[in-house]
Amino acid sequence: MTGGAIGAEDVAAQAGVSPATVSRCFASPHQVRPETRTRVLAVAERLGYRPSRIARSLALGRTGTLGLIVPDIANPFFAVIAKAVQARARRKDYAVFLADTDEHPDDEYELALTLARQVDGLLLVSPRMEGDRLGEIVRQVPSVAVNRSVSGVPSVVAPSEDGLRQAVAHLHALGHRHLALVLGARNSWSSERRGHAVRGAAAQLGLEVDEFGPHEPKFHTGAQVADLALAAGATAIVAHNDLMALGILARLAERGVRVPDDVSVVGADDTLLATTASPALTSVRIPLDVLGERAVDLMLHRLDHPESQPRETVLTSELIVRRSTGPAPRKEARP
């Protein structure tokens, strides 16, 4: 065999299989009988064959691309997930189209409709759209929900309830008896679950809770809520995420309120912002990179096994204590 690049046809001819089988040996090896796969891979190794993504996609009738829709790529929570998705997809020889809805559910729906016609599958991160619209998207293209549990749809979630219950218990142990709970976006699955966890834990421990929200989970909304929490008399603030918590810290600093001497602050997601904040932010850690990786794995399983039952992967969360939480002011503490 002389001249030109080695193609799937060359491997197929020597292995006694079709070019499509050669492609499957690399793209979906579990779909090929072990003895056939071993023979094909041995020939490919001997000939120095390396499959191209385009050739593989044509053989399998796929585009070789995935769509990824996030509410706000500027939010470190979604940025970490997006990077993990892209890295995992690249290792699986898939390209990723990224779309940012800027927290607008209507835009999310329209973007999903557009991408559904161009990709093999959609990864919907913290989708805000209504259930009926989400169902319409799922019927058009294989989909995986990330950070939202959806009936009948493969999903990967990391419920922050355990970490937030730990946060409330932590504040209670420090003598805090009056909390401010800052909620995230309207129609946000995670905001609803996080709020429920804080309320439940506070009720069990006999703590007073003032709620503020829903709010867009951004820095400037955190700064706005800080004044309301202070006016309510709360000695500790539990924010929906780290971004809002940083806004709260910034506003408290402007007002000369000391953290944690006067007020304690807790965030969620434990992004890089938590460690770089001043003071360093106590936060609920969620394995964001694992969320992204597992989402890609679920999607590829769905593509290879379209008749399989939807699966949900559940990860864990934990509280990471740093300098933004401390004992309640002496006048509020109890013996």
# chains A, B, ... in the order shown; residues from 1 in each chain; ligands from 1
$ select_by_dssp --residues "segment 2-187 of chain A" --states "helix (DSSP H, G or I)" --output "PyMOL selection string"
chain A and resi 8-15+19-27+29-31+34-47+53-60+76-91+105-116+131-140+161-173
$ write_last_selection --atoms "C-alpha atoms" --output "mmCIF file, in the first residue's frame"
data_model
loop_
_atom_site.group_PDB
_atom_site.id
_atom_site.type_symbol
_atom_site.label_atom_id
_atom_site.label_comp_id
_atom_site.auth_asym_id
_atom_site.auth_seq_id
_atom_site.Cartn_x
_atom_site.Cartn_y
_atom_site.Cartn_z
ATOM 1 C CA ALA A 8 -11.020 3.554 6.865
ATOM 2 C CA GLU A 9 -11.410 1.772 3.540
ATOM 3 C CA ASP A 10 -7.811 0.554 3.723
ATOM 4 C CA VAL A 11 -8.293 -0.810 7.228
ATOM 5 C CA ALA A 12 -11.635 -2.347 6.277
ATOM 6 C CA ALA A 13 -10.147 -4.135 3.268
ATOM 7 C CA GLN A 14 -7.412 -5.800 5.299
ATOM 8 C CA ALA A 15 -9.632 -6.568 8.295
ATOM 9 C CA PRO A 19 -15.692 1.009 6.585
ATOM 10 C CA ALA A 20 -18.673 1.732 8.876
ATOM 11 C CA THR A 21 -17.543 -1.070 11.196
ATOM 12 C CA VAL A 22 -14.076 0.464 11.326
ATOM 13 C CA SER A 23 -15.609 3.775 12.370
ATOM 14 C CA ARG A 24 -17.726 2.104 15.041
ATOM 15 C CA CYS A 25 -14.657 0.428 16.507
ATOM 16 C CA PHE A 26 -13.339 3.887 17.360
ATOM 17 C CA ALA A 27 -16.551 5.834 18.016
ATOM 18 C CA PRO A 29 -16.555 0.148 20.402
ATOM 19 C CA HIS A 30 -19.209 -1.515 22.573
ATOM 20 C CA GLN A 31 -21.391 -1.887 19.462
ATOM 21 C CA PRO A 34 -14.963 -8.096 20.699
ATOM 22 C CA GLU A 35 -13.207 -10.387 18.213
ATOM 23 C CA THR A 36 -14.022 -8.038 15.314
ATOM 24 C CA ARG A 37 -12.937 -4.993 17.288
ATOM 25 C CA THR A 38 -9.634 -6.617 18.227
ATOM 26 C CA ARG A 39 -8.907 -7.507 14.598
ATOM 27 C CA VAL A 40 -9.791 -4.029 13.298
ATOM 28 C CA LEU A 41 -7.743 -2.215 15.936
ATOM 29 C CA ALA A 42 -4.739 -4.425 15.251
ATOM 30 C CA VAL A 43 -4.888 -3.620 11.537
ATOM 31 C CA ALA A 44 -5.383 0.083 12.250
ATOM 32 C CA GLU A 45 -2.352 0.094 14.537
ATOM 33 C CA ARG A 46 -0.212 -1.689 11.962
ATOM 34 C CA LEU A 47 -1.239 0.705 9.188
ATOM 35 C CA ARG A 53 -14.015 13.286 13.249
ATOM 36 C CA ILE A 54 -15.660 14.106 9.919
ATOM 37 C CA ALA A 55 -15.235 10.569 8.584
ATOM 38 C CA ARG A 56 -16.543 9.081 11.809
ATOM 39 C CA SER A 57 -19.553 11.380 11.791
ATOM 40 C CA LEU A 58 -20.448 10.476 8.238
ATOM 41 C CA ALA A 59 -20.171 6.782 8.995
ATOM 42 C CA LEU A 60 -22.457 7.049 11.998
ATOM 43 C CA PRO A 76 -18.096 31.223 37.250
ATOM 44 C CA PHE A 77 -20.528 28.391 38.097
ATOM 45 C CA PHE A 78 -21.453 27.979 34.435
ATOM 46 C CA ALA A 79 -17.985 28.798 33.132
ATOM 47 C CA VAL A 80 -16.438 25.885 35.036
ATOM 48 C CA ILE A 81 -19.133 23.501 33.807
ATOM 49 C CA ALA A 82 -18.691 24.732 30.218
ATOM 50 C CA LYS A 83 -14.923 24.184 30.297
ATOM 51 C CA ALA A 84 -15.402 20.684 31.711
ATOM 52 C CA VAL A 85 -17.975 19.858 29.021
ATOM 53 C CA GLN A 86 -15.698 21.068 26.248
ATOM 54 C CA ALA A 87 -12.682 19.173 27.591
ATOM 55 C CA ARG A 88 -14.620 15.935 27.983
ATOM 56 C CA ALA A 89 -16.269 16.267 24.579
ATOM 57 C CA ARG A 90 -12.911 16.951 22.935
ATOM 58 C CA ARG A 91 -11.488 13.746 24.396
ATOM 59 C CA PRO A 105 -35.959 31.792 29.518
ATOM 60 C CA ASP A 106 -37.542 32.870 26.211
ATOM 61 C CA ASP A 107 -34.121 33.183 24.592
ATOM 62 C CA GLU A 108 -33.215 29.791 25.996
ATOM 63 C CA TYR A 109 -36.163 28.163 24.233
ATOM 64 C CA GLU A 110 -35.396 29.834 20.898
ATOM 65 C CA LEU A 111 -31.706 28.950 21.098
ATOM 66 C CA ALA A 112 -32.562 25.347 21.905
ATOM 67 C CA LEU A 113 -34.870 25.142 18.873
ATOM 68 C CA THR A 114 -32.127 26.529 16.645
ATOM 69 C CA LEU A 115 -29.377 24.256 17.948
ATOM 70 C CA ALA A 116 -31.627 21.182 17.875
ATOM 71 C CA GLY A 131 -41.811 22.131 31.463
ATOM 72 C CA ASP A 132 -43.962 21.989 28.313
ATOM 73 C CA ARG A 133 -41.364 23.886 26.297
ATOM 74 C CA LEU A 134 -38.600 21.713 27.666
ATOM 75 C CA GLY A 135 -40.607 18.643 26.663
ATOM 76 C CA GLU A 136 -40.893 19.991 23.128
ATOM 77 C CA ILE A 137 -37.114 20.361 22.890
ATOM 78 C CA VAL A 138 -36.503 16.868 24.244
ATOM 79 C CA ARG A 139 -38.809 15.395 21.622
ATOM 80 C CA GLN A 140 -36.778 17.035 18.872
ATOM 81 C CA GLU A 161 -29.252 20.713 50.255
ATOM 82 C CA ASP A 162 -26.761 18.748 52.362
ATOM 83 C CA GLY A 163 -24.176 21.512 52.174
ATOM 84 C CA LEU A 164 -26.737 24.196 53.004
ATOM 85 C CA ARG A 165 -28.067 22.239 55.962
ATOM 86 C CA GLN A 166 -24.469 22.052 57.144
ATOM 87 C CA ALA A 167 -24.210 25.821 56.667
ATOM 88 C CA VAL A 168 -27.300 26.505 58.807
ATOM 89 C CA ALA A 169 -26.040 24.153 61.527
ATOM 90 C CA HIS A 170 -22.644 25.896 61.365
ATOM 91 C CA LEU A 171 -24.241 29.318 61.856
ATOM 92 C CA HIS A 172 -26.419 28.019 64.665
ATOM 93 C CA ALA A 173 -23.344 26.642 66.440
#
$ closest_residue --among "A:Arg33, A:Arg50, A:Arg193, A:His104" --to "Gly7 of chain A" --atoms "only C-alpha atoms"
A:Arg50
$ residues_around --residues "Val321 of chain A" --least-positions-apart "6" --cutoff "9 Å" --atoms "only C-alpha atoms" --output "list in words"
Ala167, His170, Val266, Leu281, Thr282, Ser283 and Val284 of chain A
$ write_last_selection --atoms "C-alpha atoms" --output "short mmCIF file (atom, residue, chain, number, x, y, z; two decimals), in the first residue's frame"
data_model
loop_
_atom_site.label_atom_id
_atom_site.label_comp_id
_atom_site.auth_asym_id
_atom_site.auth_seq_id
_atom_site.Cartn_x
_atom_site.Cartn_y
_atom_site.Cartn_z
CA ALA A 167 -24.21 25.82 56.67
CA HIS A 170 -22.64 25.90 61.36
CA VAL A 266 -22.26 32.20 53.27
CA LEU A 281 -15.93 33.13 51.63
CA THR A 282 -17.52 30.21 53.44
CA SER A 283 -19.34 28.35 50.67
CA VAL A 284 -21.11 25.12 49.75
#
$ closest_atom_pairs --of "segment 264-308 of chain A" --to "segment 141-151 of chain A" --cutoff "9 Å" --atoms "only C-alpha atoms" --output "JSON lines"
{"residue": "A:Leu291", "atom": "CA", "partner": "A:Val146", "partner_atom": "CA", "distance": 7.2}
{"residue": "A:Gly292", "atom": "CA", "partner": "A:Val146", "partner_atom": "CA", "distance": 7.9}
{"residue": "A:Ala295", "atom": "CA", "partner": "A:Val144", "partner_atom": "CA", "distance": 6.6}
{"residue": "A:Val296", "atom": "CA", "partner": "A:Val144", "partner_atom": "CA", "distance": 8.4}
{"residue": "A:Leu298", "atom": "CA", "partner": "A:Val144", "partner_atom": "CA", "distance": 7.1}
{"residue": "A:Met299", "atom": "CA", "partner": "A:Val144", "partner_atom": "CA", "distance": 6.1}
{"residue": "A:Arg302", "atom": "CA", "partner": "A:Pro142", "partner_atom": "CA", "distance": 7.1}
{"residue": "A:Leu303", "atom": "CA", "partner": "A:Pro142", "partner_atom": "CA", "distance": 7.2}
{"residue": "A:Pro306", "atom": "CA", "partner": "A:Pro142", "partner_atom": "CA", "distance": 8.2}
$ select_by_dssp --residues "segment 43-192 of chain A" --states "strand (DSSP E)" --output "VMD selection string"
chain A and resid 65 to 70 95 to 100 121 to 125 143 to 146 155 to 157 178 to 182
$ residues_around --residues "Ile248 of chain A" --least-positions-apart "5" --cutoff "9 Å" --atoms "only C-alpha atoms" --output "PyMOL selection string"
chain A and resi 219-227+237+239+243+253+265
$ residues_around --residues "Pro310 of chain A" --least-positions-apart "2" --cutoff "6 Å" --atoms "only C-alpha atoms" --output "list in words"
Gly152, Val153 and Pro154 of chain A
$ write_last_selection --atoms "C-alpha atoms" --output "compact mmCIF listing (two decimals), in the first residue's frame"
# COMPACT_ATOMS: atom_id res chain seq x y z
CA GLY A 152 -38.06 11.47 31.59
CA VAL A 153 -34.82 13.30 30.74
CA PRO A 154 -31.28 12.09 31.54
$ atom_distance --atom1 "atom CA of Leu181 of chain A" --atom2 "atom CA of Ala201 of chain A"
12.1 Å
$ atom_distance --atom1 "atom CA of Leu230 of chain A" --atom2 "atom CA of Ser160 of chain A"
25.2 Å
$ closest_residue --among "A:Ala197, A:Ala268, A:Ala180, A:Leu124" --to "Ala231 of chain A" --atoms "only C-alpha atoms"
A:Ala180
$ atom_distance --atom1 "atom CA of Asp120 of chain A" --atom2 "atom CA of Ala158 of chain A"
25.0 Å
$ residues_around --residues "Ala229 of chain A" --least-positions-apart "5" --cutoff "9 Å" --atoms "only C-alpha atoms" --output "PDB file with C-alpha atoms, in the first residue's frame"
ATOM      1  CA  LEU A 179     -30.712  34.605  59.140  1.00  0.00           C
ATOM      2  CA  ALA A 180     -31.297  36.358  55.831  1.00  0.00           C
ATOM      3  CA  LEU A 181     -31.904  34.025  52.872  1.00  0.00           C
ATOM      4  CA  VAL A 182     -31.185  35.505  49.437  1.00  0.00           C
ATOM      5  CA  ASP A 210     -36.108  36.627  56.408  1.00  0.00           C
ATOM      6  CA  GLU A 211     -36.257  35.902  52.667  1.00  0.00           C
ATOM      7  CA  PHE A 212     -35.279  38.235  49.849  1.00  0.00           C
ATOM      8  CA  ALA A 234     -30.073  39.440  60.456  1.00  0.00           C
ATOM      9  CA  THR A 235     -26.657  38.512  61.834  1.00  0.00           C
ATOM     10  CA  ALA A 236     -25.907  36.041  59.033  1.00  0.00           C
ATOM     11  CA  ILE A 237     -26.701  36.055  55.306  1.00  0.00           C
TER      12      ILE A 237
END
$ decode --residues "segment 197-224 of chain A" --atoms "N, CA, C and O atoms" --output "tab-separated table (two decimals), in the first residue's frame"
chain	number	residue	atom	x	y	z
A	197	ALA	N	-34.09	23.94	51.52
A	197	ALA	CA	-33.13	23.35	52.46
A	197	ALA	C	-32.84	24.28	53.62
A	197	ALA	O	-32.79	23.86	54.78
A	198	VAL	N	-32.62	25.57	53.32
A	198	VAL	CA	-32.32	26.55	54.39
A	198	VAL	C	-33.51	26.71	55.31
A	198	VAL	O	-33.38	26.71	56.55
A	199	ARG	N	-34.71	26.83	54.74
A	199	ARG	CA	-35.91	26.99	55.57
A	199	ARG	C	-36.10	25.79	56.50
A	199	ARG	O	-36.39	25.94	57.69
A	200	GLY	N	-35.94	24.59	55.94
A	200	GLY	CA	-36.16	23.38	56.72
A	200	GLY	C	-35.16	23.25	57.86
A	200	GLY	O	-35.53	22.94	59.00
A	201	ALA	N	-33.89	23.50	57.55
A	201	ALA	CA	-32.86	23.39	58.58
A	201	ALA	C	-33.04	24.45	59.66
A	201	ALA	O	-32.88	24.18	60.86
A	202	ALA	N	-33.40	25.66	59.24
A	202	ALA	CA	-33.61	26.75	60.21
A	202	ALA	C	-34.81	26.44	61.12
A	202	ALA	O	-34.77	26.70	62.33
A	203	ALA	N	-35.87	25.89	60.54
A	203	ALA	CA	-37.06	25.57	61.34
A	203	ALA	C	-36.73	24.51	62.39
A	203	ALA	O	-37.18	24.60	63.54
A	204	GLN	N	-35.94	23.51	62.02
A	204	GLN	CA	-35.57	22.47	62.97
A	204	GLN	C	-34.76	23.01	64.13
A	204	GLN	O	-34.85	22.50	65.26
A	205	LEU	N	-33.96	24.05	63.85
A	205	LEU	CA	-33.09	24.60	64.89
A	205	LEU	C	-33.71	25.82	65.58
A	205	LEU	O	-33.09	26.43	66.45
A	206	GLY	N	-34.92	26.20	65.16
A	206	GLY	CA	-35.60	27.33	65.78
A	206	GLY	C	-35.04	28.69	65.41
A	206	GLY	O	-35.10	29.63	66.21
A	207	LEU	N	-34.53	28.81	64.19
A	207	LEU	CA	-33.95	30.09	63.75
A	207	LEU	C	-34.97	30.91	62.97
A	207	LEU	O	-35.81	30.37	62.25
A	208	GLU	N	-34.86	32.22	63.09
A	208	GLU	CA	-35.71	33.14	62.33
A	208	GLU	C	-35.07	33.37	60.97
A	208	GLU	O	-33.85	33.53	60.86
A	209	VAL	N	-35.89	33.37	59.92
A	209	VAL	CA	-35.37	33.57	58.56
A	209	VAL	C	-36.18	34.64	57.84
A	209	VAL	O	-37.41	34.56	57.78
A	210	ASP	N	-35.49	35.65	57.31
A	210	ASP	CA	-36.11	36.63	56.41
A	210	ASP	C	-35.65	36.31	54.99
A	210	ASP	O	-34.45	36.12	54.76
A	211	GLU	N	-36.59	36.25	54.05
A	211	GLU	CA	-36.26	35.90	52.67
A	211	GLU	C	-36.29	37.13	51.76
A	211	GLU	O	-37.15	37.99	51.91
A	212	PHE	N	-35.35	37.15	50.82
A	212	PHE	CA	-35.28	38.23	49.85
A	212	PHE	C	-35.11	37.63	48.46
A	212	PHE	O	-34.21	36.84	48.21
A	213	GLY	N	-36.00	37.98	47.57
A	213	GLY	CA	-35.93	37.45	46.22
A	213	GLY	C	-37.29	36.99	45.72
A	213	GLY	O	-38.28	37.18	46.42
A	214	PRO	N	-37.35	36.45	44.51
A	214	PRO	CA	-36.21	36.03	43.69
A	214	PRO	C	-35.44	37.21	43.07
A	214	PRO	O	-36.00	38.28	42.84
A	215	HIS	N	-34.16	36.94	42.80
A	215	HIS	CA	-33.28	37.93	42.19
A	215	HIS	C	-32.43	37.25	41.12
A	215	HIS	O	-32.13	36.05	41.23
A	216	GLU	N	-32.01	38.00	40.12
A	216	GLU	CA	-31.01	37.48	39.19
A	216	GLU	C	-29.75	37.17	40.00
A	216	GLU	O	-29.33	38.00	40.81
A	217	PRO	N	-29.16	36.01	39.81
A	217	PRO	CA	-28.00	35.61	40.63
A	217	PRO	C	-26.71	36.30	40.19
A	217	PRO	O	-25.78	35.66	39.70
A	218	LYS	N	-26.66	37.61	40.37
A	218	LYS	CA	-25.52	38.39	39.90
A	218	LYS	C	-24.96	39.26	41.02
A	218	LYS	O	-25.58	39.45	42.05
A	219	PHE	N	-23.78	39.80	40.78
A	219	PHE	CA	-23.07	40.60	41.78
A	219	PHE	C	-23.90	41.79	42.24
A	219	PHE	O	-24.04	42.04	43.44
A	220	HIS	N	-24.46	42.53	41.29
A	220	HIS	CA	-25.14	43.78	41.67
A	220	HIS	C	-26.40	43.53	42.48
A	220	HIS	O	-26.77	44.36	43.32
A	221	THR	N	-27.06	42.39	42.27
A	221	THR	CA	-28.25	42.12	43.08
A	221	THR	C	-27.86	41.77	44.51
A	221	THR	O	-28.59	42.09	45.45
A	222	GLY	N	-26.71	41.12	44.67
A	222	GLY	CA	-26.24	40.85	46.02
A	222	GLY	C	-25.98	42.14	46.77
A	222	GLY	O	-26.33	42.28	47.95
A	223	ALA	N	-25.38	43.12	46.09
A	223	ALA	CA	-25.12	44.41	46.72
A	223	ALA	C	-26.42	45.09	47.14
A	223	ALA	O	-26.49	45.72	48.21
A	224	GLN	N	-27.46	44.97	46.33
A	224	GLN	CA	-28.75	45.58	46.67
A	224	GLN	C	-29.38	44.93	47.89
A	224	GLN	O	-29.94	45.60	48.76
